[in-house]
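Pasted below: model.tsv, TSV, C-alpha atoms.
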```
chain	number	residue	atom	x	y	z
A	1	MET	CA	13.28	28.08	-5.05
A	2	GLN	CA	11.72	24.65	-5.52
A	3	THR	CA	15.02	23.30	-6.83
A	4	ILE	CA	16.92	24.58	-3.78
A	5	GLY	CA	14.32	23.03	-1.48
A	6	ALA	CA	14.63	19.72	-3.33
A	7	TYR	CA	18.40	19.64	-2.89
A	8	PHE	CA	18.07	20.30	0.85
A	9	ALA	CA	15.55	17.45	1.06
A	10	ILE	CA	17.88	15.12	-0.83
A	11	LEU	CA	20.75	16.05	1.50
A	12	PHE	CA	18.53	15.20	4.47
A	13	PHE	CA	17.65	11.82	2.92
A	14	ARG	CA	21.32	11.02	2.39
A	15	LEU	CA	22.17	11.94	5.98
A	16	LEU	CA	19.26	9.88	7.28
A	17	ALA	CA	20.62	6.89	5.37
A	18	LEU	CA	23.71	7.01	7.59
A	19	VAL	CA	21.67	6.68	10.79
A	20	PRO	CA	21.89	3.12	12.18
A	21	PHE	CA	18.58	1.35	12.69
A	22	PRO	CA	18.63	1.34	16.52
A	23	LEU	CA	19.02	5.13	16.53
A	24	LEU	CA	16.48	5.48	13.72
A	25	TYR	CA	13.81	3.81	15.87
A	26	ILE	CA	14.63	6.01	18.84
A	27	LYS	CA	14.00	8.99	16.58
A	28	SER	CA	10.87	7.32	15.22
A	29	SER	CA	9.44	6.79	18.71
A	30	GLY	CA	10.08	10.44	19.51
A	31	PHE	CA	8.44	11.55	16.28
A	32	ALA	CA	5.44	9.32	17.00
A	33	PHE	CA	5.08	10.99	20.40
A	34	VAL	CA	5.05	14.40	18.71
A	35	LEU	CA	2.45	13.31	16.15
A	36	ASN	CA	0.21	11.75	18.77
A	37	HIS	CA	0.49	13.98	21.82
A	38	LEU	CA	1.76	17.38	20.63
A	39	ALA	CA	0.63	17.85	17.04
A	40	THR	CA	-2.36	15.50	17.52
A	41	TYR	CA	-2.05	14.80	13.81
A	42	ARG	CA	-5.50	13.86	12.45
A	43	HIS	CA	-6.64	12.68	15.87
A	44	LYS	CA	-10.30	13.21	15.02
A	45	VAL	CA	-10.03	11.23	11.79
A	46	VAL	CA	-8.11	8.38	13.43
A	47	ASP	CA	-10.48	8.12	16.39
A	48	ALA	CA	-13.59	8.36	14.20
A	49	ASN	CA	-12.31	5.58	11.92
A	50	LEU	CA	-11.38	3.33	14.84
A	51	LYS	CA	-14.71	3.81	16.60
A	52	ARG	CA	-16.53	3.10	13.37
A	53	CYS	CA	-14.67	-0.16	12.74
A	54	PHE	CA	-14.44	-1.30	16.36
A	55	PRO	CA	-17.62	-0.04	18.05
A	56	LYS	CA	-17.10	-2.40	21.00
A	57	PHE	CA	-13.68	-0.97	21.85
A	58	ASP	CA	-13.60	1.12	25.01
A	59	THR	CA	-11.66	4.37	25.38
A	60	LYS	CA	-8.53	2.60	26.60
A	61	GLN	CA	-8.50	0.20	23.63
A	62	ILE	CA	-8.98	3.03	21.14
A	63	ARG	CA	-6.18	5.01	22.77
A	64	ASN	CA	-3.85	2.00	22.69
A	65	VAL	CA	-4.46	1.29	18.99
A	66	ARG	CA	-4.07	4.98	18.17
A	67	GLN	CA	-0.75	5.17	20.01
A	68	ASN	CA	0.61	2.10	18.21
A	69	PHE	CA	-0.69	3.45	14.91
A	70	TYR	CA	1.42	6.60	15.26
A	71	VAL	CA	4.50	4.46	15.94
A	72	ASN	CA	3.69	2.46	12.81
A	73	LEU	CA	3.18	5.65	10.79
A	74	SER	CA	6.44	7.15	12.00
A	75	ASP	CA	8.36	3.92	11.33
A	76	ILE	CA	7.00	3.74	7.78
A	77	LEU	CA	7.95	7.35	7.08
A	78	LEU	CA	11.53	7.07	8.35
A	79	GLU	CA	12.05	3.57	6.95
A	80	GLY	CA	10.80	4.77	3.58
A	81	LEU	CA	13.24	7.67	3.50
A	82	LYS	CA	16.14	5.54	4.73
A	83	GLY	CA	15.23	2.94	2.13
A	84	LEU	CA	16.04	5.40	-0.65
A	85	HIS	CA	19.73	4.65	-0.04
A	86	MET	CA	19.67	1.14	1.43
A	87	SER	CA	21.54	-1.65	-0.35
A	88	LYS	CA	19.72	-4.49	-2.07
A	89	ALA	CA	21.18	-6.96	0.46
A	90	SER	CA	19.82	-4.91	3.36
A	91	ILE	CA	16.39	-4.64	1.74
A	92	HIS	CA	16.25	-8.41	1.13
A	93	LYS	CA	17.28	-9.08	4.72
A	94	ARG	CA	14.48	-6.91	6.07
A	95	TYR	CA	11.71	-7.48	3.49
A	96	GLN	CA	11.28	-11.08	2.38
A	97	VAL	CA	8.82	-12.45	-0.19
A	98	LEU	CA	7.78	-15.76	1.35
A	99	ASN	CA	6.28	-17.56	-1.64
A	100	PRO	CA	7.62	-16.17	-4.94
A	101	GLU	CA	7.09	-19.59	-6.52
A	102	ILE	CA	3.32	-18.99	-6.54
A	103	LEU	CA	3.86	-16.84	-9.63
A	104	ASP	CA	6.07	-19.32	-11.51
A	105	SER	CA	3.26	-21.09	-13.40
A	106	TYR	CA	1.97	-17.74	-14.65
A	107	PHE	CA	5.46	-16.65	-15.67
A	108	GLN	CA	6.08	-19.87	-17.60
A	109	LYS	CA	2.89	-19.19	-19.58
A	110	GLY	CA	3.99	-15.60	-20.20
A	111	GLN	CA	1.00	-14.36	-18.21
A	112	SER	CA	0.90	-11.16	-16.21
A	113	VAL	CA	-0.79	-10.88	-12.82
A	114	ILE	CA	-2.39	-8.10	-10.79
A	115	CYS	CA	-1.30	-7.84	-7.16
A	116	LEU	CA	-3.57	-5.84	-4.88
A	117	ALA	CA	-1.77	-4.13	-2.03
A	118	SER	CA	-2.98	-1.94	0.82
A	119	HIS	CA	-1.60	0.75	3.08
A	120	TYR	CA	-0.75	-1.76	5.77
A	121	ALA	CA	2.63	-2.09	7.52
A	122	ASN	CA	5.49	-1.00	5.25
A	123	TRP	CA	4.41	-0.59	1.62
A	124	GLU	CA	7.37	1.66	0.69
A	125	TRP	CA	10.02	-1.05	1.00
A	126	GLY	CA	7.93	-3.29	-1.22
A	127	ILE	CA	8.76	-0.97	-4.11
A	128	LEU	CA	12.43	-1.76	-3.55
A	129	ALA	CA	12.17	-5.42	-2.53
A	130	VAL	CA	9.68	-7.21	-4.77
A	131	ASP	CA	11.10	-7.09	-8.31
A	132	SER	CA	14.39	-8.82	-7.46
A	133	GLN	CA	12.59	-11.62	-5.58
A	134	ILE	CA	10.13	-12.66	-8.34
A	135	LYS	CA	10.51	-13.65	-11.99
A	136	HIS	CA	7.87	-11.26	-13.29
A	137	GLN	CA	8.68	-7.64	-14.02
A	138	ALA	CA	7.25	-5.72	-11.07
A	139	ILE	CA	5.25	-2.63	-12.02
A	140	SER	CA	3.58	-0.06	-9.82
A	141	ILE	CA	1.62	3.14	-10.34
A	142	TYR	CA	2.68	6.31	-8.53
A	143	LYS	CA	1.50	9.86	-8.08
A	144	THR	CA	4.00	12.42	-9.36
A	145	LEU	CA	5.32	15.14	-7.05
A	146	SER	CA	4.80	18.79	-7.93
A	147	ASN	CA	8.51	19.42	-7.34
A	148	LYS	CA	10.04	18.07	-10.56
A	149	THR	CA	13.60	17.83	-9.18
A	150	LEU	CA	12.46	15.83	-6.17
A	151	ASP	CA	10.15	13.72	-8.33
A	152	ARG	CA	13.02	12.69	-10.64
A	153	TYR	CA	15.21	11.85	-7.65
A	154	MET	CA	12.53	9.73	-5.94
A	155	LEU	CA	11.74	7.93	-9.19
A	156	LYS	CA	15.38	7.07	-9.78
A	157	GLN	CA	15.95	5.77	-6.24
A	158	ARG	CA	12.77	3.70	-6.16
A	159	GLN	CA	13.46	2.04	-9.51
A	160	ARG	CA	17.08	1.16	-8.87
A	161	PHE	CA	16.40	-2.48	-7.94
A	162	GLY	CA	14.25	-3.23	-10.98
A	163	MET	CA	10.75	-1.98	-10.19
A	164	MET	CA	9.12	-0.09	-13.07
A	165	LEU	CA	7.05	2.89	-11.98
A	166	PHE	CA	4.40	4.50	-14.15
A	167	ALA	CA	2.70	7.78	-13.31
A	168	MET	CA	-1.06	7.58	-12.74
A	169	GLU	CA	-1.56	9.25	-16.12
A	170	GLN	CA	0.41	6.37	-17.69
A	171	THR	CA	-1.72	3.53	-16.29
A	172	LYS	CA	-2.82	2.54	-19.78
A	173	GLN	CA	0.82	2.29	-20.89
A	174	ALA	CA	1.61	0.11	-17.86
A	175	PHE	CA	-1.05	-2.41	-18.86
A	176	GLU	CA	0.06	-2.26	-22.50
A	177	PHE	CA	3.58	-3.19	-21.36
A	178	ALA	CA	2.16	-6.03	-19.22
A	179	SER	CA	0.26	-7.38	-22.23
A	180	LYS	CA	3.59	-7.97	-23.98
A	181	HIS	CA	5.85	-8.91	-21.04
A	182	PRO	CA	4.95	-11.11	-18.02
A	183	SER	CA	4.54	-8.51	-15.29
A	184	ALA	CA	3.24	-8.23	-11.74
A	185	ILE	CA	1.19	-5.04	-11.65
A	186	ILE	CA	0.97	-3.85	-8.05
A	187	LEU	CA	-2.01	-1.64	-7.23
A	188	ALA	CA	-2.93	-0.10	-3.88
A	189	ALA	CA	-6.68	-0.73	-3.69
A	190	ASP	CA	-7.74	0.63	-0.29
A	191	GLN	CA	-7.97	4.32	-1.14
A	192	SER	CA	-11.23	6.20	-0.95
A	193	PRO	CA	-12.74	6.36	-4.47
A	194	SER	CA	-12.66	9.72	-6.22
A	195	ASP	CA	-15.75	8.88	-8.26
A	196	VAL	CA	-18.46	7.47	-5.99
A	197	SER	CA	-20.76	6.54	-8.87
A	198	LYS	CA	-18.10	4.23	-10.37
A	199	SER	CA	-17.04	2.70	-7.06
A	200	ILE	CA	-17.75	-0.95	-6.30
A	201	LEU	CA	-19.93	-1.42	-3.23
A	202	VAL	CA	-18.69	-3.99	-0.71
A	203	ASN	CA	-19.36	-5.02	2.85
A	204	PHE	CA	-16.46	-3.73	4.91
A	205	PHE	CA	-16.46	-3.67	8.71
A	206	ASP	CA	-20.22	-4.32	8.68
A	207	GLU	CA	-20.96	-1.35	6.42
A	208	THR	CA	-21.74	-0.96	2.74
A	209	ILE	CA	-19.08	1.34	1.30
A	210	GLY	CA	-17.38	1.91	-2.05
A	211	PHE	CA	-13.94	0.70	-3.07
A	212	ILE	CA	-12.11	1.96	-6.16
A	213	HIS	CA	-13.24	0.22	-9.35
A	214	GLY	CA	-9.96	0.36	-11.32
A	215	PRO	CA	-8.25	-2.89	-10.23
A	216	GLU	CA	-11.28	-5.08	-10.92
A	217	ALA	CA	-12.03	-3.25	-14.16
A	218	TYR	CA	-8.51	-3.87	-15.45
A	219	ALA	CA	-8.52	-7.49	-14.27
A	220	SER	CA	-11.86	-8.19	-15.95
A	221	LYS	CA	-10.92	-6.42	-19.18
A	222	THR	CA	-7.58	-8.22	-19.51
A	223	ASN	CA	-8.63	-11.56	-17.94
A	224	THR	CA	-5.71	-11.29	-15.53
A	225	PRO	CA	-5.26	-13.40	-12.35
A	226	VAL	CA	-5.42	-11.39	-9.13
A	227	LEU	CA	-3.47	-11.91	-5.91
A	228	TYR	CA	-3.35	-10.13	-2.58
A	229	PHE	CA	-0.11	-8.80	-1.07
A	230	ASP	CA	-0.19	-9.62	2.64
A	231	VAL	CA	2.60	-7.62	4.28
A	232	GLN	CA	3.29	-8.28	7.95
A	233	ARG	CA	5.72	-6.70	10.40
A	234	ILE	CA	7.58	-9.58	12.08
A	235	ARG	CA	9.42	-7.23	14.39
A	236	ARG	CA	10.49	-3.64	14.14
A	237	GLY	CA	12.32	-3.15	10.85
A	238	TYR	CA	11.58	-6.65	9.48
A	239	TYR	CA	8.71	-7.59	7.16
A	240	THR	CA	7.38	-10.51	5.17
A	241	LEU	CA	5.19	-10.50	2.09
A	242	GLU	CA	2.93	-13.43	1.27
A	243	MET	CA	1.03	-13.55	-2.02
A	244	ILE	CA	-2.49	-14.96	-1.66
A	245	PRO	CA	-4.64	-15.78	-4.74
A	246	LEU	CA	-7.92	-13.89	-4.97
A	247	SER	CA	-9.03	-15.03	-8.43
A	248	ASP	CA	-7.39	-17.21	-11.05
A	249	LYS	CA	-9.63	-16.09	-13.91
A	250	MET	CA	-11.68	-12.96	-14.21
A	251	THR	CA	-14.26	-14.27	-16.70
A	252	ASP	CA	-16.46	-16.14	-14.23
A	253	PRO	CA	-16.90	-14.05	-11.02
A	254	LYS	CA	-19.93	-11.78	-10.86
A	255	PRO	CA	-19.26	-8.02	-10.90
A	256	GLY	CA	-17.77	-6.86	-7.61
A	257	ALA	CA	-16.70	-10.33	-6.46
A	258	ILE	CA	-12.97	-9.71	-6.66
A	259	THR	CA	-13.26	-6.37	-4.87
A	260	GLN	CA	-15.38	-7.97	-2.14
A	261	ALA	CA	-12.80	-10.76	-1.75
A	262	TYR	CA	-10.09	-8.11	-1.40
A	263	ALA	CA	-12.15	-6.17	1.16
A	264	HIS	CA	-12.80	-9.32	3.23
A	265	MET	CA	-9.12	-10.22	3.26
A	266	LEU	CA	-8.05	-6.71	4.20
A	267	GLU	CA	-10.64	-6.56	6.99
A	268	ASP	CA	-9.51	-9.91	8.44
A	269	ILE	CA	-5.89	-8.71	8.48
A	270	VAL	CA	-6.73	-5.34	10.01
A	271	ARG	CA	-8.87	-6.93	12.74
A	272	LYS	CA	-5.93	-9.09	13.82
A	273	LYS	CA	-3.55	-6.15	14.16
A	274	PRO	CA	-5.37	-2.84	13.64
A	275	SER	CA	-2.51	-0.49	14.49
A	276	ASP	CA	-0.62	-1.32	11.27
A	277	TRP	CA	-3.28	0.11	8.92
A	278	LEU	CA	-3.31	3.75	7.78
A	279	TRP	CA	-6.12	5.09	9.98
A	280	SER	CA	-5.41	8.76	9.19
A	281	HIS	CA	-6.99	8.41	5.74
A	282	ARG	CA	-10.63	9.52	5.42
A	283	ARG	CA	-12.09	6.38	3.85
A	284	TRP	CA	-15.66	7.01	4.98
A	285	LYS	CA	-16.04	10.57	3.70
A	286	HIS	CA	-18.58	9.79	0.94
A	287	ASP	CA	-22.32	9.17	1.11
A	288	TYR	CA	-22.79	5.81	-0.58
A	289	THR	CA	-26.56	5.71	-0.03
A	290	LYS	CA	-26.89	7.60	-3.33
A	291	HIS	CA	-24.91	4.95	-5.22
A	292	PRO	CA	-27.09	3.28	-7.92
A	293	ASN	CA	-26.31	-0.17	-6.49
A	294	TYR	CA	-26.79	0.67	-2.83
A	295	PRO	CA	-29.01	-2.00	-1.21
A	296	ASN	CA	-32.47	-0.86	-0.18
```
Now, as a test, write the supplied structure out as structure tokens.
Amino acid sequence: MQTIGAYFAILFFRLLALVPFPLLYIKSSGFAFVLNHLATYRHKVVDANLKRCFPKFDTKQIRNVRQNFYVNLSDILLEGLKGLHMSKASIHKRYQVLNPEILDSYFQKGQSVICLASHYANWEWGILAVDSQIKHQAISIYKTLSNKTLDRYMLKQRQRFGMMLFAMEQTKQAFEFASKHPSAIILAADQSPSDVSKSILVNFFDETIGFIHGPEAYASKTNTPVLYFDVQRIRRGYYTLEMIPLSDKMTDPKPGAITQAYAHMLEDIVRKKPSDWLWSHRRWKHDYTKHPNYPN
């Protein structure tokens, strides 16, 4: 039954690929309306997160950001599915790496880098666009789907322009590969930590909360330079990616410094255009007051 469902899903993806972009965004706007006004998808989570981060926003401002967030969410979903069958030329036209040369000195030394991304604007097209625009081998970590047929299909389509994807259980293998080949390891670092005790406490939107410890742990262990992936929507369907250095060497910063730098940069970006962040994720669900490093 799962296999039949997977084939129907793949057929839908292929049909969606034929939809021209102007019509795609008409559909996306309609879907956003359904999510926001009819299904009220995670309204309570979205509103709670927005009020927490922007306590000075009035009801009208919260409603406006929420409405634009659902358009962003819908665009990302449909763009991501359409991207499964877009050409490389179309991807490059719509998703441009602005400063690939920033990695050249590392590549010439045979040095890998860690690139910290976030769930901001379109992260799905980055999987397709980045590898062919930089000299490093682009690597990313993904969560496998329970439907094996669909998982194999998604993996094949996402890797077709050069990106190497490793399952979360293969993270160690990904870093072993990067130790032998100059690679850009792309890690989404804005998820809520699964293990609060291991999380790194940072100041984020005027609160002390935990961020996942993995990226900094790997950077420190392997002495790997760290950059931030700043993805911005220029207009509907068009994005840029700018790579911003966070740390050139991981031997000197004090523990938590790189994660705090990441959190500051993400906060600055979100404050400028809040609707493009993934507000439906429950990032403040843990009690960090019990963390061993929580300030008294």
(message) Neighbouring residues of segment 39-45 of chain A were defined as those with any atom within 7 Å, considering all atoms listed in the file; residues of the same chain fewer than 5 positions away were excluded. Please report them as an MDAnalysis selection string.
(response) chainID A and resid 34 280 282
(message) So that I can see what lies close to segment 26-32 of chain A, please list as number ranges by chain the residues with an atom at most 6 Å from it, counting all atoms listed in the file and leaving out residues fewer than 5 positions away in the same chain.
(response) A: 70-71, 74-75
(request) State, in Å with one decimal place, the distance from atom CA of Ala6 of chain A to atom CA of Leu150 of chain A. (result) 5.3 Å
(message) What does the structure give for the distance between atom CA of His85 of chain A and atom CA of Ala17 of chain A, in Å to one decimal?
(response) 5.9 Å
(request) Counting all atoms listed in the file, figure out which residue out of A:Leu84, A:Ile212, A:Val19, A:Ala189 gets nearest to Leu155 of chain A. (result)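 Of A:Leu84, A:Ile212, A:Val19, A:Ala189, the one nearest Leu155 of chain A is A:Leu84, counting all atoms listed in the file.
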(message) Counting only C-alpha atoms, which residue out of A:Tyr239, A:Phe13, A:Phe211, A:Phe166 sits closest to Glu124 of chain A?
(response) A:Tyr239
(message) Residues near segment 93-101 of chain A, anyone? I mean within 6 Å using all atoms listed in the file, not counting same-chain ones fewer than 4 positions away, as a VMD selection string.
(response) chain A and resid 134 238 to 242
(message) Just want the 9 Å neighbourhood of Lys51 of chain A, counted on all atoms listed in the file, with same-chain residues fewer than 6 positions away dropped. Output as a ChimeraX atom specification.
(response) /A:57-58,62
(request) Choose the residue, out of A:Trp279, A:Lys135, A:Pro292, A:Leu35, that has the smallest atom-to-atom separation from Gln108 of chain A; count only C-alpha atoms. (result)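 Of all the options, A:Lys135 lies closest to Gln108 of chain A.
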Using all atoms listed in the file, find each residue in segment 36-112 of chain A having at least one atom no more than 9 Å away from segment 219-236 of chain A; report its shortest atom-to-atom pair and that distance in Å (one decimal), rows by chain then rising number, as a tab-separated table.
```
residue	atom	partner	partner_atom	distance
A:Asp75	CA	A:Arg236	CA	8.3
A:Tyr106	CA	A:Pro225	CA	8.7
A:Gln111	CA	A:Thr224	CA	7.9
A:Ser112	CA	A:Thr224	CA	6.6
```
Go ahead and dump the residues you just picked, C-alpha atoms, as a PDB file, in the coordinates of the input.
```pdb
ATOM      1  CA  ASP A  75       8.360   3.920  11.330  1.00  0.00           C
ATOM      2  CA  TYR A 106       1.970 -17.740 -14.650  1.00  0.00           C
ATOM      3  CA  GLN A 111       1.000 -14.360 -18.210  1.00  0.00           C
ATOM      4  CA  SER A 112       0.900 -11.160 -16.210  1.00  0.00           C
TER       5      SER A 112
END
```
(request) Go through A:Ala263, A:Leu103, A:Leu187, A:Met163 one by one, measure the shortest atom-to-atom distance of each to Asn203 of chain A using all atoms listed in the file, and give the residue with the smallest value. (result)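 Of all the options, A:Ala263 lies closest to Asn203 of chain A.
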(request) Can you work out which one of A:Arg158, A:Ile114, A:Leu73, A:His291 has the shortest atom-to-atom distance to Met243 of chain A, counting only C-alpha atoms? (result) A:Ile114
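With distances taken over all atoms listed in the file, A:Pro182 is the one residue among A:Gly80, A:Pro182, A:Gly110, A:Gly5 lying closest to Ile139 of chain A.
Atom CA of Pro295 of chain A to atom CA of Ile200 of chain A spans 12.4 Å [interatomic distance, one decimal].
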(request) Please provide as JSON, numbers by chain all residues within 10 Å of segment 140-142 of chain A, with the sequence filter that same-chain residues fewer than 5 positions apart are discarded (counting only C-alpha atoms). (result) {"A": [115, 127, 155, 163, 164, 165, 166, 167, 168, 169, 170, 171, 174, 184, 185, 186, 187, 188]}
